[in-house]
Amino acid sequence: MRSQSGVSLGIADGVGGWIDAGVDPSLFSQALMYHAHRYAKSGWPGEPEIDPTQEYEEREEVEGWELRPAECLELAYGAVLRERDVRTGSSTACIVNLNAFSGELRAANLGDSGFCIIRSSSVIYWQKPQTHFFNCPKQLTKLPVQTRHFKGACIDPPSDADTYETKLRDGDIVILYTDGLSDNVFPAELVSICSLVARQYTYAPPKYKRDPQAGQAQVEYEFVKDEEDAQVQTIAERIVQYARLCMVNKRRVSPFERAAAREGMYFRGGKLDE
C-alpha cells in the first residue's frame with residue numbers, strides 16, 4: 001500500500017503442513033494480506049493525528065490516522081477469523097511501514113518470515129525468526145469448528161509478534177522475505193547481489209545513445225542509469241532467481257543445513273519451499 005506519506009509492505013507464508021489435511025495453505029495467507037491491505041488504506045505510516053484512545057470505527061472516519069504494523073496485523077487476523085471462505089489454515093506474517101517524511105521504519109513480525117536492512121554493503125538488521133522448535137514457526141491460525149483432529153496445531157496470538165523501529169538513511173535497502181529465502185540464501189549473499197546490481201546501474205551508459213547508421217535517431221539502452229525503480233525491480237528479480245537455484249542445489253551448504261546441524265539433524269543442501 002503506497003501513499004504520498006509512505007508505504008506499507010506485507011508478506012505472509014501459509015504453513016504447508018495443512019496440505020496433509022486437505023487444506024490449501026495459500027488461502028489463509030492471501031486472505032490475511034488482503035485484509036491487511038484493506039485496513040492499511042485507512043491509515044498512513046506517520047504520526048497520529050487524533051486521539052489514539054478512540055474506537056477503530058471512529059478512527060477510520062478520520063483521514064490520516066496512523067495504523068502501526070502490530071495493529072494492522074491484529075485487525076487483519078481478526079478479519080480472517082470472520083472470513084467464511086477461509087475455514088482453516090495458518091500463516092507467518094510480516095508487516096512494515098515506511099514513513100516518507102521522517103524515514104521511520106516500523107515493523108511487526110510473527111514466525112519465520114521477516115525483513116532485513118542493508119546499508120552501505122552491510123546488513124545492519126536481520127529479523128530473528130520466532131519458532132516453537134526447529135522448523136516449526138510461530139503462526140496465526142484458524143481452526144475449523146471440529147477441532148479434535150487438530151490438537152497439535154500451533155495457535156499464536158498476533159500480540160506475540162516482534163516489533164521493531166528504526167530510522168532509515170538515504171540508500172538503505174529493505175528486503176521482506178519468507179523462509180524460502182532465509183533458509184537458502186545467506187545475508188552476505190544478499191549484500192553481494194544488491195552491490196552487483198547497483199554497480200551495473202551506476203556504470204551504465206546514458207539512457208540514449210546515437211546510432212551512426214540511423215543519423216539523428218537514438219537507441220534506448222537496456223539499463224537506465226539512476227533509475228531507482230528499475231534498479232530495485234532488478235534486485236528483487238535477481239534475489240528470487242538466486243534463491244530458486246539454491247533451493248535445488250544439494251552440493252551447496254545452505255543456512256537451513258547449518259541450522260539443522262546445530263539441532264543435531266542431518267540435512268544436505270537447499271530446502272525446497274515455493
# chains A, B, ... in the order shown; residues from 1 in each chain; ligands from 1
call {"tool": "residues_around", "arguments": {"residues": "range 172-187 of chain A", "least_positions_apart": "5", "cutoff": "7 Å", "atoms": "only C-alpha atoms", "output": "PyMOL selection string"}}
result
chain A and resi 11+13+112-119+123+243+246-247+254-256+270-271+273-274
call {"tool": "write_last_selection", "arguments": {"atoms": "N, CA and C atoms", "output": "JSON list (two decimals), in the first residue's frame"}}
result
[["chain", "number", "residue", "atom", "x", "y", "z"],
["A", 11, "ILE", "N", 4.06, -9.37, 3.97],
["A", 11, "ILE", "CA", 4.32, -10.66, 3.39],
["A", 11, "ILE", "C", 3.82, -11.74, 4.35],
["A", 13, "ASP", "N", 3.25, -16.22, 4.71],
["A", 13, "ASP", "CA", 3.62, -17.52, 4.16],
["A", 13, "ASP", "C", 2.75, -18.60, 4.80],
["A", 112, "ASP", "N", 8.64, -17.17, 10.99],
["A", 112, "ASP", "CA", 9.96, -17.17, 10.36],
["A", 112, "ASP", "C", 10.00, -16.45, 9.02],
["A", 113, "SER", "N", 8.97, -15.65, 8.72],
["A", 113, "SER", "CA", 9.13, -14.65, 7.67],
["A", 113, "SER", "C", 9.85, -13.47, 8.32],
["A", 114, "GLY", "N", 10.18, -12.46, 7.56],
["A", 114, "GLY", "CA", 10.86, -11.34, 8.18],
["A", 114, "GLY", "C", 11.35, -10.32, 7.18],
["A", 115, "PHE", "N", 12.31, -9.51, 7.60],
["A", 115, "PHE", "CA", 12.88, -8.50, 6.73],
["A", 115, "PHE", "C", 14.29, -8.19, 7.19],
["A", 116, "CYS", "N", 15.06, -7.58, 6.30],
["A", 116, "CYS", "CA", 16.40, -7.14, 6.65],
["A", 116, "CYS", "C", 16.64, -5.76, 6.07],
["A", 117, "ILE", "N", 17.62, -5.07, 6.62],
["A", 117, "ILE", "CA", 18.00, -3.74, 6.15],
["A", 117, "ILE", "C", 19.47, -3.78, 5.76],
["A", 118, "ILE", "N", 19.74, -3.39, 4.53],
["A", 118, "ILE", "CA", 21.12, -3.35, 4.03],
["A", 118, "ILE", "C", 21.53, -1.90, 3.85],
["A", 119, "ARG", "N", 22.67, -1.56, 4.44],
["A", 119, "ARG", "CA", 23.18, -0.20, 4.36],
["A", 119, "ARG", "C", 24.68, -0.24, 4.06],
["A", 123, "VAL", "N", 24.68, -5.70, 6.31],
["A", 123, "VAL", "CA", 23.35, -5.98, 6.86],
["A", 123, "VAL", "C", 23.32, -5.40, 8.27],
["A", 243, "ALA", "N", 17.69, -17.52, -5.18],
["A", 243, "ALA", "CA", 17.09, -18.38, -4.15],
["A", 243, "ALA", "C", 16.55, -19.67, -4.75],
["A", 246, "CYS", "N", 19.38, -22.00, -5.39],
["A", 246, "CYS", "CA", 19.90, -22.56, -4.15],
["A", 246, "CYS", "C", 18.99, -23.65, -3.58],
["A", 247, "MET", "N", 17.68, -23.51, -3.79],
["A", 247, "MET", "CA", 16.73, -24.49, -3.26],
["A", 247, "MET", "C", 17.01, -25.90, -3.76],
["A", 254, "SER", "N", 23.64, -24.70, 2.88],
["A", 254, "SER", "CA", 22.60, -23.69, 2.99],
["A", 254, "SER", "C", 22.45, -23.25, 4.44],
["A", 255, "PRO", "N", 21.81, -22.10, 4.69],
["A", 255, "PRO", "CA", 21.51, -21.70, 6.06],
["A", 255, "PRO", "C", 20.66, -22.74, 6.79],
["A", 256, "PHE", "N", 19.74, -23.40, 6.07],
["A", 256, "PHE", "CA", 18.90, -24.42, 6.70],
["A", 256, "PHE", "C", 19.74, -25.63, 7.10],
["A", 270, "GLY", "N", 20.06, -27.21, -0.28],
["A", 270, "GLY", "CA", 18.97, -26.26, -0.17],
["A", 270, "GLY", "C", 17.67, -26.89, 0.25],
["A", 271, "LYS", "N", 16.76, -26.06, 0.74],
["A", 271, "LYS", "CA", 15.45, -26.51, 1.21],
["A", 271, "LYS", "C", 14.38, -25.99, 0.24],
["A", 273, "ASP", "N", 11.07, -24.77, -0.98],
["A", 273, "ASP", "CA", 9.93, -24.11, -0.34],
["A", 273, "ASP", "C", 9.41, -23.05, -1.29],
["A", 274, "GLU", "N", 8.35, -23.37, -2.07],
["A", 274, "GLU", "CA", 7.80, -22.41, -3.03],
["A", 274, "GLU", "C", 6.30, -22.24, -2.79]]
call {"tool": "closest_atom_pairs", "arguments": {"of": "range 68-184 of chain A", "to": "range 25-35 of chain A", "cutoff": "9 Å", "atoms": "only C-alpha atoms", "output": "JSON lines"}}
result
{"residue": "A:Cys72", "atom": "CA", "partner": "A:His35", "partner_atom": "CA", "distance": 8.8}
{"residue": "A:Leu73", "atom": "CA", "partner": "A:Leu32", "partner_atom": "CA", "distance": 8.2}
{"residue": "A:Leu75", "atom": "CA", "partner": "A:His35", "partner_atom": "CA", "distance": 7.9}
{"residue": "A:Ala76", "atom": "CA", "partner": "A:His35", "partner_atom": "CA", "distance": 4.9}
{"residue": "A:Tyr77", "atom": "CA", "partner": "A:Leu32", "partner_atom": "CA", "distance": 6.2}
{"residue": "A:Ala79", "atom": "CA", "partner": "A:His35", "partner_atom": "CA", "distance": 6.6}
{"residue": "A:Val80", "atom": "CA", "partner": "A:Leu32", "partner_atom": "CA", "distance": 6.1}
{"residue": "A:Glu83", "atom": "CA", "partner": "A:Ala31", "partner_atom": "CA", "distance": 8.2}
{"residue": "A:Asp85", "atom": "CA", "partner": "A:Leu27", "partner_atom": "CA", "distance": 8.6}
{"residue": "A:Val86", "atom": "CA", "partner": "A:Phe28", "partner_atom": "CA", "distance": 6.3}
{"residue": "A:Arg87", "atom": "CA", "partner": "A:Phe28", "partner_atom": "CA", "distance": 8.6}
{"residue": "A:Thr88", "atom": "CA", "partner": "A:Phe28", "partner_atom": "CA", "distance": 7.3}
{"residue": "A:Gly89", "atom": "CA", "partner": "A:Phe28", "partner_atom": "CA", "distance": 5.5}
{"residue": "A:Ser90", "atom": "CA", "partner": "A:Phe28", "partner_atom": "CA", "distance": 6.1}
{"residue": "A:Ser91", "atom": "CA", "partner": "A:Ser29", "partner_atom": "CA", "distance": 5.6}
{"residue": "A:Thr92", "atom": "CA", "partner": "A:Ser29", "partner_atom": "CA", "distance": 7.8}
{"residue": "A:Ala93", "atom": "CA", "partner": "A:Ser29", "partner_atom": "CA", "distance": 8.0}
{"residue": "A:Thr141", "atom": "CA", "partner": "A:Phe28", "partner_atom": "CA", "distance": 8.5}
{"residue": "A:Lys142", "atom": "CA", "partner": "A:Phe28", "partner_atom": "CA", "distance": 8.3}
call {"tool": "write_last_selection", "arguments": {"atoms": "all heavy atoms", "output": "short mmCIF file (atom, residue, chain, number, x, y, z; two decimals), in the first residue's frame"}}
result
data_model
loop_
_atom_site.label_atom_id
_atom_site.label_comp_id
_atom_site.auth_asym_id
_atom_site.auth_seq_id
_atom_site.Cartn_x
_atom_site.Cartn_y
_atom_site.Cartn_z
N CYS A 72 -2.24 -3.35 12.56
CA CYS A 72 -2.72 -3.85 11.27
C CYS A 72 -2.77 -5.37 11.26
O CYS A 72 -3.73 -5.98 10.77
CB CYS A 72 -1.81 -3.34 10.16
SG CYS A 72 -2.38 -3.75 8.49
N LEU A 73 -1.74 -6.00 11.83
CA LEU A 73 -1.69 -7.46 11.88
C LEU A 73 -2.83 -8.02 12.71
O LEU A 73 -3.49 -9.00 12.33
CB LEU A 73 -0.34 -7.91 12.46
CG LEU A 73 -0.07 -9.41 12.48
CD1 LEU A 73 -0.05 -9.97 11.06
CD2 LEU A 73 1.26 -9.70 13.18
N LEU A 75 -5.76 -6.56 13.37
CA LEU A 75 -7.03 -6.34 12.68
C LEU A 75 -7.22 -7.32 11.53
O LEU A 75 -8.31 -7.87 11.32
CB LEU A 75 -7.09 -4.90 12.16
CG LEU A 75 -7.25 -3.80 13.20
CD1 LEU A 75 -7.01 -2.43 12.57
CD2 LEU A 75 -8.63 -3.86 13.85
N ALA A 76 -6.15 -7.54 10.76
CA ALA A 76 -6.24 -8.45 9.62
C ALA A 76 -6.52 -9.87 10.07
O ALA A 76 -7.31 -10.60 9.45
CB ALA A 76 -4.94 -8.40 8.81
N TYR A 77 -5.87 -10.28 11.15
CA TYR A 77 -6.10 -11.63 11.68
C TYR A 77 -7.55 -11.79 12.15
O TYR A 77 -8.20 -12.81 11.87
CB TYR A 77 -5.13 -11.89 12.83
CG TYR A 77 -5.31 -13.23 13.52
CD1 TYR A 77 -5.32 -14.43 12.78
CD2 TYR A 77 -5.48 -13.31 14.90
CE1 TYR A 77 -5.48 -15.65 13.41
CE2 TYR A 77 -5.63 -14.53 15.53
CZ TYR A 77 -5.63 -15.70 14.78
OH TYR A 77 -5.78 -16.91 15.41
N ALA A 79 -10.08 -10.28 10.99
CA ALA A 79 -10.93 -10.35 9.80
C ALA A 79 -10.89 -11.73 9.16
O ALA A 79 -11.91 -12.22 8.67
CB ALA A 79 -10.48 -9.30 8.78
N VAL A 80 -9.72 -12.37 9.18
CA VAL A 80 -9.62 -13.73 8.64
C VAL A 80 -10.42 -14.71 9.48
O VAL A 80 -11.06 -15.63 8.94
CB VAL A 80 -8.14 -14.18 8.55
CG1 VAL A 80 -8.05 -15.64 8.11
CG2 VAL A 80 -7.37 -13.31 7.58
N GLU A 83 -13.76 -14.53 8.27
CA GLU A 83 -13.88 -14.81 6.84
C GLU A 83 -14.49 -16.18 6.61
O GLU A 83 -13.91 -17.22 6.96
CB GLU A 83 -12.50 -14.74 6.19
CG GLU A 83 -12.49 -15.02 4.71
CD GLU A 83 -13.11 -13.89 3.90
OE1 GLU A 83 -12.58 -12.78 3.92
OE2 GLU A 83 -14.14 -14.17 3.26
N ASP A 85 -15.01 -17.76 3.79
CA ASP A 85 -14.37 -18.53 2.72
C ASP A 85 -13.06 -19.17 3.15
O ASP A 85 -12.50 -19.98 2.41
CB ASP A 85 -14.13 -17.63 1.50
CG ASP A 85 -15.43 -17.18 0.86
OD1 ASP A 85 -16.43 -17.92 0.97
OD2 ASP A 85 -15.44 -16.09 0.24
N VAL A 86 -12.54 -18.80 4.31
CA VAL A 86 -11.32 -19.42 4.84
C VAL A 86 -11.71 -20.18 6.10
O VAL A 86 -11.89 -19.61 7.17
CB VAL A 86 -10.24 -18.36 5.16
CG1 VAL A 86 -8.97 -19.03 5.70
CG2 VAL A 86 -9.91 -17.54 3.93
N ARG A 87 -11.84 -21.49 5.95
CA ARG A 87 -12.32 -22.30 7.07
C ARG A 87 -11.23 -22.67 8.06
O ARG A 87 -11.48 -22.79 9.25
CB ARG A 87 -12.99 -23.57 6.53
CG ARG A 87 -14.23 -23.30 5.70
CD ARG A 87 -14.92 -24.57 5.30
NE ARG A 87 -16.16 -24.30 4.56
CZ ARG A 87 -16.99 -25.23 4.13
NH1 ARG A 87 -16.71 -26.51 4.35
NH2 ARG A 87 -18.08 -24.89 3.47
N THR A 88 -10.02 -22.85 7.55
CA THR A 88 -8.91 -23.22 8.43
C THR A 88 -7.59 -22.92 7.74
O THR A 88 -7.54 -22.66 6.53
CB THR A 88 -8.99 -24.71 8.80
OG1 THR A 88 -7.99 -25.02 9.76
CG2 THR A 88 -8.78 -25.59 7.58
N GLY A 89 -6.52 -22.96 8.51
CA GLY A 89 -5.19 -22.69 7.97
C GLY A 89 -4.36 -21.88 8.94
O GLY A 89 -4.82 -21.51 10.03
N SER A 90 -3.14 -21.60 8.57
CA SER A 90 -2.25 -20.78 9.41
C SER A 90 -1.16 -20.17 8.54
O SER A 90 -0.91 -20.63 7.42
CB SER A 90 -1.65 -21.60 10.55
OG SER A 90 -0.94 -22.71 10.06
N SER A 91 -0.52 -19.15 9.09
CA SER A 91 0.47 -18.42 8.30
C SER A 91 1.40 -17.62 9.21
O SER A 91 1.00 -17.17 10.28
CB SER A 91 -0.24 -17.47 7.33
OG SER A 91 0.69 -16.66 6.63
N THR A 92 2.63 -17.45 8.75
CA THR A 92 3.52 -16.46 9.34
C THR A 92 3.20 -15.12 8.69
O THR A 92 2.51 -15.07 7.67
CB THR A 92 4.99 -16.83 9.10
OG1 THR A 92 5.25 -16.81 7.68
CG2 THR A 92 5.28 -18.23 9.62
N ALA A 93 3.69 -14.03 9.25
CA ALA A 93 3.37 -12.72 8.67
C ALA A 93 4.39 -11.68 9.10
O ALA A 93 4.93 -11.73 10.21
CB ALA A 93 1.97 -12.27 9.09
N THR A 141 -3.33 -18.75 13.36
CA THR A 141 -4.04 -19.98 12.99
C THR A 141 -5.55 -19.81 13.11
O THR A 141 -6.04 -19.12 14.01
CB THR A 141 -3.59 -21.15 13.89
OG1 THR A 141 -2.19 -21.33 13.75
CG2 THR A 141 -4.30 -22.45 13.51
N LYS A 142 -6.25 -20.45 12.21
CA LYS A 142 -7.70 -20.56 12.29
C LYS A 142 -8.06 -22.04 12.19
O LYS A 142 -7.70 -22.71 11.22
CB LYS A 142 -8.38 -19.78 11.15
CG LYS A 142 -9.91 -19.85 11.19
CD LYS A 142 -10.53 -19.01 10.07
CE LYS A 142 -12.04 -19.03 10.15
NZ LYS A 142 -12.66 -18.19 9.09
#
call {"tool": "select_by_dssp", "arguments": {"residues": "range 24-182 of chain A", "states": "strand (DSSP E)", "output": "count of residues only"}}
result
52
call {"tool": "closest_residue", "arguments": {"among": "A:Leu81, A:Val145, A:Ala70, A:Ala230", "to": "Tyr164 in chain A", "atoms": "only C-alpha atoms"}}
result
A:Ala70
call {"tool": "residues_around", "arguments": {"residues": "Ser192 in chain A", "least_positions_apart": "5", "cutoff": "10 Å", "atoms": "only C-alpha atoms", "output": "PyMOL selection string"}}
result
chain A and resi 121-122+187+197-198
call {"tool": "write_last_selection", "arguments": {"atoms": "C-alpha atoms", "output": "tab-separated table (two decimals), in the first residue's frame"}}
result
chain	number	residue	atom	x	y	z
A	121	SER	CA	27.17	-3.11	1.74
A	122	SER	CA	26.38	-4.32	5.26
A	187	PRO	CA	22.83	-12.44	4.37
A	197	VAL	CA	23.06	-4.70	-9.39
A	198	ALA	CA	23.85	-1.24	-8.02
call {"tool": "closest_residue", "arguments": {"among": "A:Leu67, A:Val15, A:Ala260, A:Ala21", "to": "Pro137 in chain A", "atoms": "only C-alpha atoms"}}
result
A:Val15
call {"tool": "atom_distance", "arguments": {"atom1": "CA of Leu98 in chain A", "atom2": "CA of Arg68 in chain A"}}
result
10.4 Å
call {"tool": "residues_around", "arguments": {"residues": "Glu189 in chain A", "least_positions_apart": "5", "cutoff": "10 Å", "atoms": "only C-alpha atoms", "output": "list in words"}}
result
Cys194, Ser195, Ile239 and Tyr242 of chain A
call {"tool": "closest_residue", "arguments": {"among": "A:Asn249, A:Gln200, A:Ser5, A:Ser120", "to": "Asn99 in chain A", "atoms": "only C-alpha atoms"}}
result
A:Ser5
call {"tool": "atom_distance", "arguments": {"atom1": "CA of Ile193 in chain A", "atom2": "CA of Val96 in chain A"}}
result
22.2 Å
call {"tool": "atom_distance", "arguments": {"atom1": "CA of Leu140 in chain A", "atom2": "CA of Pro157 in chain A"}}
result
6.4 Å
